[in-house]
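Accompanying notes for the structure given below.
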Amino acid sequence: MAPAIPTHDLLDGTTLPAVGFGTYPLRDDACVEAVGSAIAAGYRLLDTAVNYGNEAAVGEAVRRAEVDRDDLVVTSKLPGRDHGYDEAVASVRGSLRALGLERIDLHLIHWPNPSVGRYAEAWRALVDLQRDGLVRSIGVSNFTEAHLARIIDETGVTPVVNQIEMHPHFPQAAMRAVHERLGIRTESWSPLGKRNAPLDEPAVTGPAARLGVTPGQVILRWQVQLGSVPVPKSATPERQRANLDLFGFELTDAEVAAISALARVDGRLFGGDPDTHEEM
Ligand SMILES: NC(=O)C1=CN([C@@H]2O[C@H](COP(=O)(O)OP(=O)(O)OC[C@H]3O[C@@H](n4cnc5c(N)ncnc54)[C@H](OP(=O)(O)O)[C@@H]3O)[C@@H](O)[C@H]2O)C=CC1
Ligand SMILES: O=C(O)C(=O)[C@@H](O)[C@H](O)C(=O)CO
């Protein structure tokens, strides 16, 4: 039987599983298969995006899954090219069609693209789409404190989630403090650093040996203990299961601090600073 995953309460009264499944760059049948085995392993939070080109495959896996649809949290993301109000409404309707689902559980603005300057319009559209029931919860991704302040000031609606880059080389202490103050749940993208996480550092291998778990599990557990929801991607059923099995062991405070100390001055994976990196 699949393990039960703890959940977090979100600002809008919904809940979010404490770990999720990333789907980039899975596509087509390989994506249907990987998402299917992830759901069978126990994942209930799925992370897709218009720009991954795999919403249809994720939706197909959801329809095939032998779990209640209401137990799954399907997340998708609005691409930069759809940031106008009308464009955002059309984009979400397109995501619903591509997914083949009646409702998206969590829709995020993928990147703020500040030089375009239309993310607040996109946020107003998501607020209205939530009111109309097309999306259950709304959030953002790659937003800075200033981007968050602007959309909250303009609409009075706080995103439930901000999905940001977070791994031991880039632990995001400042953004996590902002989220804590605002009641926003942090999600970690590339939680294993796209295979470049420090899996062989003593700060990681030490706790792994002590606890009898893998280095990957130690890094994901570090995220969980810092209050973030990691969304690791794996096409390998064995790793999918391990990446979900995070709730039967605990790191000490000193172990958490030692992993956080692996931070690098510019630890980002590909220079994805949301003030300058833009994706359409
Ligand atoms: N909002 C945003 O801007 C962004 C969101 N994302 C989301 O975050 C998700 C996860 O990030 P992603 O960039 O995929 O990177 P991850 O950090 O999840 O790393 C994925 C890679 O790590 C390997 N891997 C998985 N588990 C383990 C393990 N336990 N030990 C060692 N290697 C492992 C996988 O290989 P294998 O498949 O062979 O197991 C894969 O190559 C994405 O899929 C996407 O959904 C990602 C980037 C940006
Ligand atoms: O995967 C995503 O959500 C992205 O935004 C991509 O840009 C991703 O970060 C990537 O792989 C870039 O190389």
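In the structure tokens, chains take letters A, B, ... by order of appearance, with residues numbered from 1 within each chain and ligands from 1 in the order shown.
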Please find the residues contacting ligand 1 at a distance of at most 8 Å between atoms, with only C-alpha atoms and all ligand atoms counted, and report them as JSON, numbers by chain. {"A": [21, 22, 23, 24, 25, 26, 46, 47, 48, 49, 77, 110, 111, 141, 142, 163, 164, 165, 167, 188, 189, 190, 191, 192, 193, 194, 195, 196, 197, 199, 214, 215, 216, 217, 230, 231, 232, 233, 234, 235, 236, 237, 239, 240, 242, 243]}
Keeping only N, CA and C atoms, write those residues as a compact mmCIF listing (two decimals), in the first residue's frame.
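Once everything was written out, this is result_35.txt:
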```
# COMPACT_ATOMS: atom_id res chain seq x y z
N PHE A 21 5.54 15.58 -7.30
CA PHE A 21 6.26 14.93 -8.40
C PHE A 21 6.45 15.92 -9.55
N GLY A 22 7.71 16.19 -9.92
CA GLY A 22 8.02 17.07 -11.04
C GLY A 22 7.96 16.31 -12.35
N THR A 23 7.52 16.98 -13.41
CA THR A 23 7.34 16.26 -14.69
C THR A 23 8.18 16.80 -15.84
N TYR A 24 9.00 17.81 -15.59
CA TYR A 24 9.84 18.33 -16.66
C TYR A 24 11.14 17.54 -16.71
N PRO A 25 11.61 17.03 -17.86
CA PRO A 25 11.15 17.23 -19.23
C PRO A 25 10.45 15.99 -19.80
N LEU A 26 9.67 15.31 -18.98
CA LEU A 26 8.99 14.11 -19.46
C LEU A 26 7.96 14.49 -20.52
N LEU A 46 1.12 16.75 -8.35
CA LEU A 46 1.79 16.63 -9.65
C LEU A 46 2.10 18.03 -10.17
N ASP A 47 3.27 18.19 -10.78
CA ASP A 47 3.72 19.51 -11.22
C ASP A 47 3.97 19.54 -12.73
N THR A 48 3.06 20.19 -13.47
CA THR A 48 3.27 20.33 -14.91
C THR A 48 3.25 21.82 -15.25
N ALA A 49 3.29 22.16 -16.53
CA ALA A 49 3.26 23.55 -16.98
C ALA A 49 2.95 23.55 -18.47
N LYS A 77 1.08 25.70 -14.91
CA LYS A 77 1.67 27.05 -14.82
C LYS A 77 1.42 27.85 -16.10
N HIS A 110 4.21 31.18 -14.01
CA HIS A 110 5.47 30.43 -14.07
C HIS A 110 6.70 31.30 -13.74
N TRP A 111 6.83 32.43 -14.42
CA TRP A 111 7.91 33.38 -14.15
C TRP A 111 7.31 34.79 -14.20
N SER A 141 5.30 31.39 -9.12
CA SER A 141 6.59 30.71 -9.15
C SER A 141 7.66 31.73 -9.52
N ASN A 142 8.78 31.65 -8.88
CA ASN A 142 9.91 32.53 -9.18
C ASN A 142 9.59 34.00 -8.90
N GLN A 163 6.63 28.78 -5.90
CA GLN A 163 7.56 27.69 -6.24
C GLN A 163 8.87 28.31 -6.73
N ILE A 164 9.94 28.06 -5.98
CA ILE A 164 11.22 28.72 -6.27
C ILE A 164 12.35 27.69 -6.32
N GLU A 165 13.44 28.09 -6.96
CA GLU A 165 14.62 27.23 -6.99
C GLU A 165 15.13 27.04 -5.56
N HIS A 167 17.76 24.20 -3.35
CA HIS A 167 18.57 22.98 -3.14
C HIS A 167 19.73 23.40 -2.25
N SER A 188 9.89 23.79 -3.61
CA SER A 188 11.25 23.80 -4.15
C SER A 188 11.29 23.17 -5.53
N TRP A 189 11.70 23.97 -6.54
CA TRP A 189 11.96 23.32 -7.84
C TRP A 189 13.43 22.93 -7.95
N SER A 190 13.67 21.93 -8.80
CA SER A 190 15.01 21.30 -8.88
C SER A 190 15.55 21.02 -7.49
N PRO A 191 14.78 20.33 -6.65
CA PRO A 191 15.22 20.11 -5.26
C PRO A 191 16.48 19.26 -5.17
N LEU A 192 16.74 18.47 -6.23
CA LEU A 192 17.98 17.67 -6.26
C LEU A 192 19.00 18.32 -7.21
N GLY A 193 18.78 19.58 -7.50
CA GLY A 193 19.74 20.32 -8.32
C GLY A 193 19.92 19.74 -9.70
N LYS A 194 18.85 19.16 -10.25
CA LYS A 194 18.96 18.54 -11.58
C LYS A 194 20.15 17.59 -11.63
N ARG A 195 20.33 16.77 -10.62
CA ARG A 195 21.43 15.80 -10.49
C ARG A 195 22.74 16.44 -10.06
N ASN A 196 22.74 17.76 -9.85
CA ASN A 196 23.97 18.41 -9.43
C ASN A 196 23.95 18.76 -7.95
N ALA A 197 23.02 18.18 -7.21
CA ALA A 197 23.01 18.41 -5.77
C ALA A 197 24.23 17.72 -5.16
N LEU A 199 25.41 15.30 -3.51
CA LEU A 199 25.06 13.99 -2.97
C LEU A 199 26.24 13.31 -2.25
N THR A 214 19.11 7.19 1.54
CA THR A 214 20.01 7.61 0.46
C THR A 214 20.34 9.10 0.60
N PRO A 215 21.44 9.55 -0.02
CA PRO A 215 21.74 10.99 0.00
C PRO A 215 20.60 11.83 -0.58
N GLY A 216 19.95 11.34 -1.62
CA GLY A 216 18.82 12.07 -2.19
C GLY A 216 17.71 12.26 -1.17
N GLN A 217 17.43 11.21 -0.40
CA GLN A 217 16.39 11.33 0.63
C GLN A 217 16.79 12.36 1.70
N PRO A 230 9.23 19.86 -1.72
CA PRO A 230 10.04 19.56 -2.91
C PRO A 230 9.20 18.83 -3.96
N VAL A 231 9.51 19.10 -5.24
CA VAL A 231 8.82 18.38 -6.33
C VAL A 231 9.86 17.68 -7.21
N PRO A 232 10.55 16.66 -6.67
CA PRO A 232 11.58 15.98 -7.45
C PRO A 232 10.98 15.26 -8.66
N LYS A 233 11.76 15.26 -9.75
CA LYS A 233 11.37 14.48 -10.93
C LYS A 233 12.21 13.22 -10.97
N SER A 234 11.59 12.09 -11.24
CA SER A 234 12.34 10.89 -11.57
C SER A 234 11.52 10.01 -12.49
N ALA A 235 12.19 9.48 -13.51
CA ALA A 235 11.54 8.53 -14.41
C ALA A 235 11.74 7.11 -13.92
N THR A 236 12.45 6.96 -12.81
CA THR A 236 12.82 5.64 -12.31
C THR A 236 11.93 5.26 -11.12
N PRO A 237 11.09 4.22 -11.24
CA PRO A 237 10.17 3.90 -10.14
C PRO A 237 10.86 3.75 -8.79
N ARG A 239 13.56 5.28 -7.66
CA ARG A 239 13.86 6.61 -7.11
C ARG A 239 12.58 7.36 -6.76
N GLN A 240 11.55 7.15 -7.56
CA GLN A 240 10.27 7.80 -7.23
C GLN A 240 9.84 7.39 -5.82
N ALA A 242 11.73 6.18 -3.36
CA ALA A 242 12.67 6.70 -2.33
C ALA A 242 12.41 8.19 -2.08
N ASN A 243 12.17 8.94 -3.16
CA ASN A 243 11.99 10.39 -3.02
C ASN A 243 10.71 10.75 -2.27
```
Which of segment 18-249 of chain A DSSP labels helix (DSSP H, G or I), written as JSON, numbers by chain: {"A": [28, 29, 30, 31, 32, 33, 34, 35, 36, 37, 38, 39, 40, 41, 50, 51, 52, 55, 56, 57, 58, 59, 60, 61, 62, 63, 64, 69, 70, 71, 80, 81, 82, 85, 86, 87, 88, 89, 90, 91, 92, 93, 94, 95, 96, 97, 98, 99, 119, 120, 121, 122, 123, 124, 125, 126, 127, 128, 129, 130, 131, 145, 146, 147, 148, 149, 150, 151, 152, 153, 154, 155, 173, 174, 175, 176, 177, 178, 179, 180, 181, 182, 193, 194, 195, 202, 203, 204, 205, 206, 207, 208, 209, 210, 211, 215, 216, 217, 218, 219, 220, 221, 222, 223, 224, 225, 237, 238, 239, 240, 241, 242, 243, 244]}
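For Glu250 of chain A, the residues within 12 Å (counting only C-alpha atoms, excluding itself and residues fewer than 2 positions away along the chain) are A:Pro207, A:Ala208, A:Arg210, A:Leu211, A:Gly212, A:Val213, A:Gln217, A:Val218, A:Ile219, A:Leu220, A:Arg221, A:Trp222, A:Gln223, A:Val224, A:Gln225, A:Leu226, A:Asp245, A:Leu246, A:Phe247, A:Gly248, A:Thr252, A:Asp253, A:Ala254, A:Glu255, A:Val256.
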Nearest-residue call for ligand 2, choices A:Asp70, A:Ser76, A:Glu238, A:Arg93, using only C-alpha atoms and all ligand atoms: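 Result for the nearest residue to ligand 2: A:Ser76.
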Which residues are near Glu55 of chain A? Cut-off 8 Å, only C-alpha atoms, ignore same chain within fewer than 3 positions. Put them as a PyMOL selection string. chain A and resi 48-50+52+58-59+76+95+98-99
Could those selected residues go to a file with all heavy atoms, as a JSON list (two decimals), in the first residue's frame?
```
[["chain", "number", "residue", "atom", "x", "y", "z"],
["A", 48, "THR", "N", 3.06, 20.19, -13.47],
["A", 48, "THR", "CA", 3.27, 20.33, -14.91],
["A", 48, "THR", "C", 3.25, 21.82, -15.25],
["A", 48, "THR", "O", 3.24, 22.67, -14.36],
["A", 48, "THR", "CB", 2.21, 19.53, -15.70],
["A", 48, "THR", "OG1", 2.43, 19.72, -17.10],
["A", 48, "THR", "CG2", 0.79, 19.93, -15.39],
["A", 49, "ALA", "N", 3.29, 22.16, -16.53],
["A", 49, "ALA", "CA", 3.26, 23.55, -16.98],
["A", 49, "ALA", "C", 2.95, 23.55, -18.47],
["A", 49, "ALA", "O", 3.29, 22.59, -19.18],
["A", 49, "ALA", "CB", 4.62, 24.23, -16.75],
["A", 50, "VAL", "N", 2.34, 24.63, -18.93],
["A", 50, "VAL", "CA", 2.11, 24.76, -20.38],
["A", 50, "VAL", "C", 3.43, 24.57, -21.12],
["A", 50, "VAL", "O", 3.52, 23.83, -22.10],
["A", 50, "VAL", "CB", 1.51, 26.15, -20.71],
["A", 50, "VAL", "CG1", 1.49, 26.40, -22.21],
["A", 50, "VAL", "CG2", 0.12, 26.29, -20.11],
["A", 52, "TYR", "N", 5.97, 22.85, -20.51],
["A", 52, "TYR", "CA", 6.59, 21.52, -20.51],
["A", 52, "TYR", "C", 6.06, 20.68, -21.68],
["A", 52, "TYR", "O", 6.62, 19.63, -21.99],
["A", 52, "TYR", "CB", 6.32, 20.76, -19.20],
["A", 52, "TYR", "CG", 6.85, 21.42, -17.95],
["A", 52, "TYR", "CD1", 6.51, 20.95, -16.69],
["A", 52, "TYR", "CD2", 7.71, 22.52, -18.02],
["A", 52, "TYR", "CE1", 6.98, 21.55, -15.54],
["A", 52, "TYR", "CE2", 8.19, 23.13, -16.87],
["A", 52, "TYR", "CZ", 7.82, 22.65, -15.63],
["A", 52, "TYR", "OH", 8.29, 23.25, -14.49],
["A", 58, "VAL", "N", 0.09, 14.25, -18.69],
["A", 58, "VAL", "CA", -0.19, 14.24, -17.25],
["A", 58, "VAL", "C", -1.68, 13.97, -17.02],
["A", 58, "VAL", "O", -2.07, 13.15, -16.18],
["A", 58, "VAL", "CB", 0.25, 15.58, -16.60],
["A", 58, "VAL", "CG1", -0.25, 15.68, -15.16],
["A", 58, "VAL", "CG2", 1.78, 15.71, -16.64],
["A", 59, "GLY", "N", -2.53, 14.64, -17.82],
["A", 59, "GLY", "CA", -3.98, 14.42, -17.68],
["A", 59, "GLY", "C", -4.35, 12.97, -17.98],
["A", 59, "GLY", "O", -5.20, 12.38, -17.29],
["A", 76, "SER", "N", -0.55, 23.31, -12.68],
["A", 76, "SER", "CA", 0.03, 23.73, -13.95],
["A", 76, "SER", "C", 0.47, 25.19, -13.84],
["A", 76, "SER", "O", 0.30, 25.80, -12.78],
["A", 76, "SER", "CB", -0.92, 23.50, -15.13],
["A", 76, "SER", "OG", -0.18, 23.64, -16.34],
["A", 95, "SER", "N", -5.20, 25.06, -20.87],
["A", 95, "SER", "CA", -4.60, 24.04, -19.99],
["A", 95, "SER", "C", -5.65, 23.01, -19.58],
["A", 95, "SER", "O", -5.37, 21.80, -19.54],
["A", 95, "SER", "CB", -4.01, 24.69, -18.74],
["A", 95, "SER", "OG", -2.81, 25.35, -19.04],
["A", 98, "ALA", "N", -6.13, 20.78, -22.52],
["A", 98, "ALA", "CA", -4.98, 19.89, -22.74],
["A", 98, "ALA", "C", -4.94, 18.80, -21.68],
["A", 98, "ALA", "O", -4.70, 17.62, -21.98],
["A", 98, "ALA", "CB", -3.68, 20.71, -22.71],
["A", 99, "LEU", "N", -5.20, 19.17, -20.45],
["A", 99, "LEU", "CA", -5.19, 18.18, -19.36],
["A", 99, "LEU", "C", -6.38, 17.23, -19.48],
["A", 99, "LEU", "O", -6.32, 16.08, -19.03],
["A", 99, "LEU", "CB", -5.26, 18.89, -18.00],
["A", 99, "LEU", "CG", -3.97, 19.55, -17.50],
["A", 99, "LEU", "CD1", -4.29, 20.64, -16.47],
["A", 99, "LEU", "CD2", -3.03, 18.51, -16.89]]
```
Write down as an MDAnalysis selection string the residues of segment 40-133 of chain A whose backbone DSSP state falls under strand (DSSP E or B). chainID A and resid 45:47 73:78 104:109
Across A:Glu121, A:Glu187, A:Asp273, A:Asp28, the smallest distance to Glu154 of chain A, with only C-alpha atoms counted, is shown by A:Glu121
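Among the candidates A:Glu102, A:Asp12, A:Asp275, A:Glu180, the residue lying nearest to Gly139 of chain A is A:Asp12 (atoms considered: only C-alpha atoms).
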Residue contacts of Glu279 of chain A (7 Å, only C-alpha atoms) excluding same-chain residues fewer than 2 positions away, as a VMD selection string: chain A and resid 80 111 113 277
Keeping only N, CA, C and O atoms, write those residues as an mmCIF file, in the first residue's frame.
```cif
data_model
loop_
_atom_site.group_PDB
_atom_site.id
_atom_site.type_symbol
_atom_site.label_atom_id
_atom_site.label_comp_id
_atom_site.auth_asym_id
_atom_site.auth_seq_id
_atom_site.Cartn_x
_atom_site.Cartn_y
_atom_site.Cartn_z
ATOM 1 N N GLY A 80 4.889 32.933 -19.784
ATOM 2 C CA GLY A 80 5.083 34.375 -19.898
ATOM 3 C C GLY A 80 4.324 35.000 -21.054
ATOM 4 O O GLY A 80 3.834 36.126 -20.942
ATOM 5 N N TRP A 111 6.825 32.431 -14.416
ATOM 6 C CA TRP A 111 7.915 33.385 -14.154
ATOM 7 C C TRP A 111 7.311 34.787 -14.197
ATOM 8 O O TRP A 111 6.402 35.026 -14.995
ATOM 9 N N ASN A 113 8.642 37.644 -15.307
ATOM 10 C CA ASN A 113 9.017 38.399 -16.511
ATOM 11 C C ASN A 113 8.827 39.906 -16.299
ATOM 12 O O ASN A 113 8.033 40.553 -16.993
ATOM 13 N N HIS A 277 16.037 36.836 -15.417
ATOM 14 C CA HIS A 277 15.775 35.657 -16.267
ATOM 15 C C HIS A 277 14.292 35.660 -16.637
ATOM 16 O O HIS A 277 13.431 35.698 -15.760
#
```
Tell me which of A:Leu10, A:Val67, A:Ile151, A:Leu78 sits closest to ligand 2, counting only C-alpha atoms and all ligand atoms. A:Leu78
In Å and to one decimal, atom CA of Ala146 of chain A is distant from atom CA of Arg181 of chain A by 13.8 Å
Could you work out how far atom CA of Ile259 of chain A lies from atom CA of Thr205 of chain A, giving the answer in Å with one decimal?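 It comes out at 10.4 Å.
The protein and nucleic acid residues lying at most 12 Å from Arg63 of chain A are Val32, Val35, Gly36, Ile39, Ala56, Ala57, Arg69, Asp70, Leu72, Val74, Leu99, Gly100, Leu101 and Glu102 of chain A, with only C-alpha atoms considered and sequence neighbours fewer than 6 positions away removed.
Of the residues listed (A:Arg136, A:His8, A:Arg64, A:Arg264), A:Arg64 shows the shortest atom-to-atom separation from Glu33 of chain A; distances use only C-alpha atoms.
Among A:Val204, A:Leu269, A:Leu251, A:Arg118, the residue with the shortest atom-to-atom distance to ligand 2, counting only C-alpha atoms and all ligand atoms, is A:Leu269.
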Do you have the atom CA of Phe249 of chain A-atom CA of Leu45 of chain A distance handy? 21.1 Å
Excluding Glu87 of chain A and its own-chain neighbours fewer than 4 positions away, which residues fall within 12 Å of it when counting only C-alpha atoms? Please give them as a compact mmCIF listing (two decimals) with N, CA and C atoms, in the first residue's frame.
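Below is the file that was written, selection-v4.txt:
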```txt
# COMPACT_ATOMS: atom_id res chain seq x y z
N LEU A 78 1.15 29.11 -15.87
CA LEU A 78 0.87 30.06 -16.96
C LEU A 78 2.18 30.55 -17.56
N PRO A 79 2.36 30.43 -18.87
CA PRO A 79 3.63 30.88 -19.46
C PRO A 79 3.68 32.40 -19.65
N GLY A 80 4.89 32.93 -19.78
CA GLY A 80 5.08 34.38 -19.90
C GLY A 80 4.32 35.00 -21.05
N ARG A 81 4.18 34.29 -22.16
CA ARG A 81 3.52 34.88 -23.32
C ARG A 81 2.03 35.11 -23.10
N ASP A 82 1.48 34.56 -22.00
CA ASP A 82 0.04 34.68 -21.74
C ASP A 82 -0.26 35.60 -20.56
N HIS A 83 0.59 36.59 -20.31
CA HIS A 83 0.41 37.41 -19.10
C HIS A 83 -0.69 38.47 -19.15
N SER A 91 -5.47 31.05 -21.70
CA SER A 91 -4.40 30.08 -21.43
C SER A 91 -4.87 29.01 -20.44
N VAL A 92 -5.55 29.44 -19.38
CA VAL A 92 -6.01 28.47 -18.38
C VAL A 92 -7.07 27.56 -19.01
N ARG A 93 -7.93 28.13 -19.83
CA ARG A 93 -8.92 27.28 -20.51
C ARG A 93 -8.21 26.27 -21.42
N GLY A 94 -7.11 26.72 -22.05
CA GLY A 94 -6.31 25.81 -22.89
C GLY A 94 -5.67 24.71 -22.06
N ARG A 118 3.52 42.56 -17.03
CA ARG A 118 2.09 42.22 -17.06
C ARG A 118 1.71 41.11 -16.08
N TYR A 119 2.62 40.82 -15.14
CA TYR A 119 2.30 39.70 -14.23
C TYR A 119 1.15 40.05 -13.29
N GLU A 121 -1.51 41.81 -14.12
CA GLU A 121 -2.73 41.53 -14.91
C GLU A 121 -3.03 40.04 -14.91
N ALA A 122 -1.97 39.25 -15.09
CA ALA A 122 -2.15 37.79 -15.09
C ALA A 122 -2.69 37.34 -13.74
N TRP A 123 -2.20 37.95 -12.67
CA TRP A 123 -2.67 37.56 -11.33
C TRP A 123 -4.16 37.90 -11.16
N ARG A 124 -4.56 39.09 -11.68
CA ARG A 124 -6.00 39.45 -11.59
C ARG A 124 -6.85 38.40 -12.31
N ALA A 125 -6.34 37.91 -13.44
CA ALA A 125 -7.09 36.88 -14.17
C ALA A 125 -7.20 35.60 -13.34
N LEU A 126 -6.10 35.21 -12.70
CA LEU A 126 -6.16 33.98 -11.88
C LEU A 126 -7.12 34.14 -10.70
```
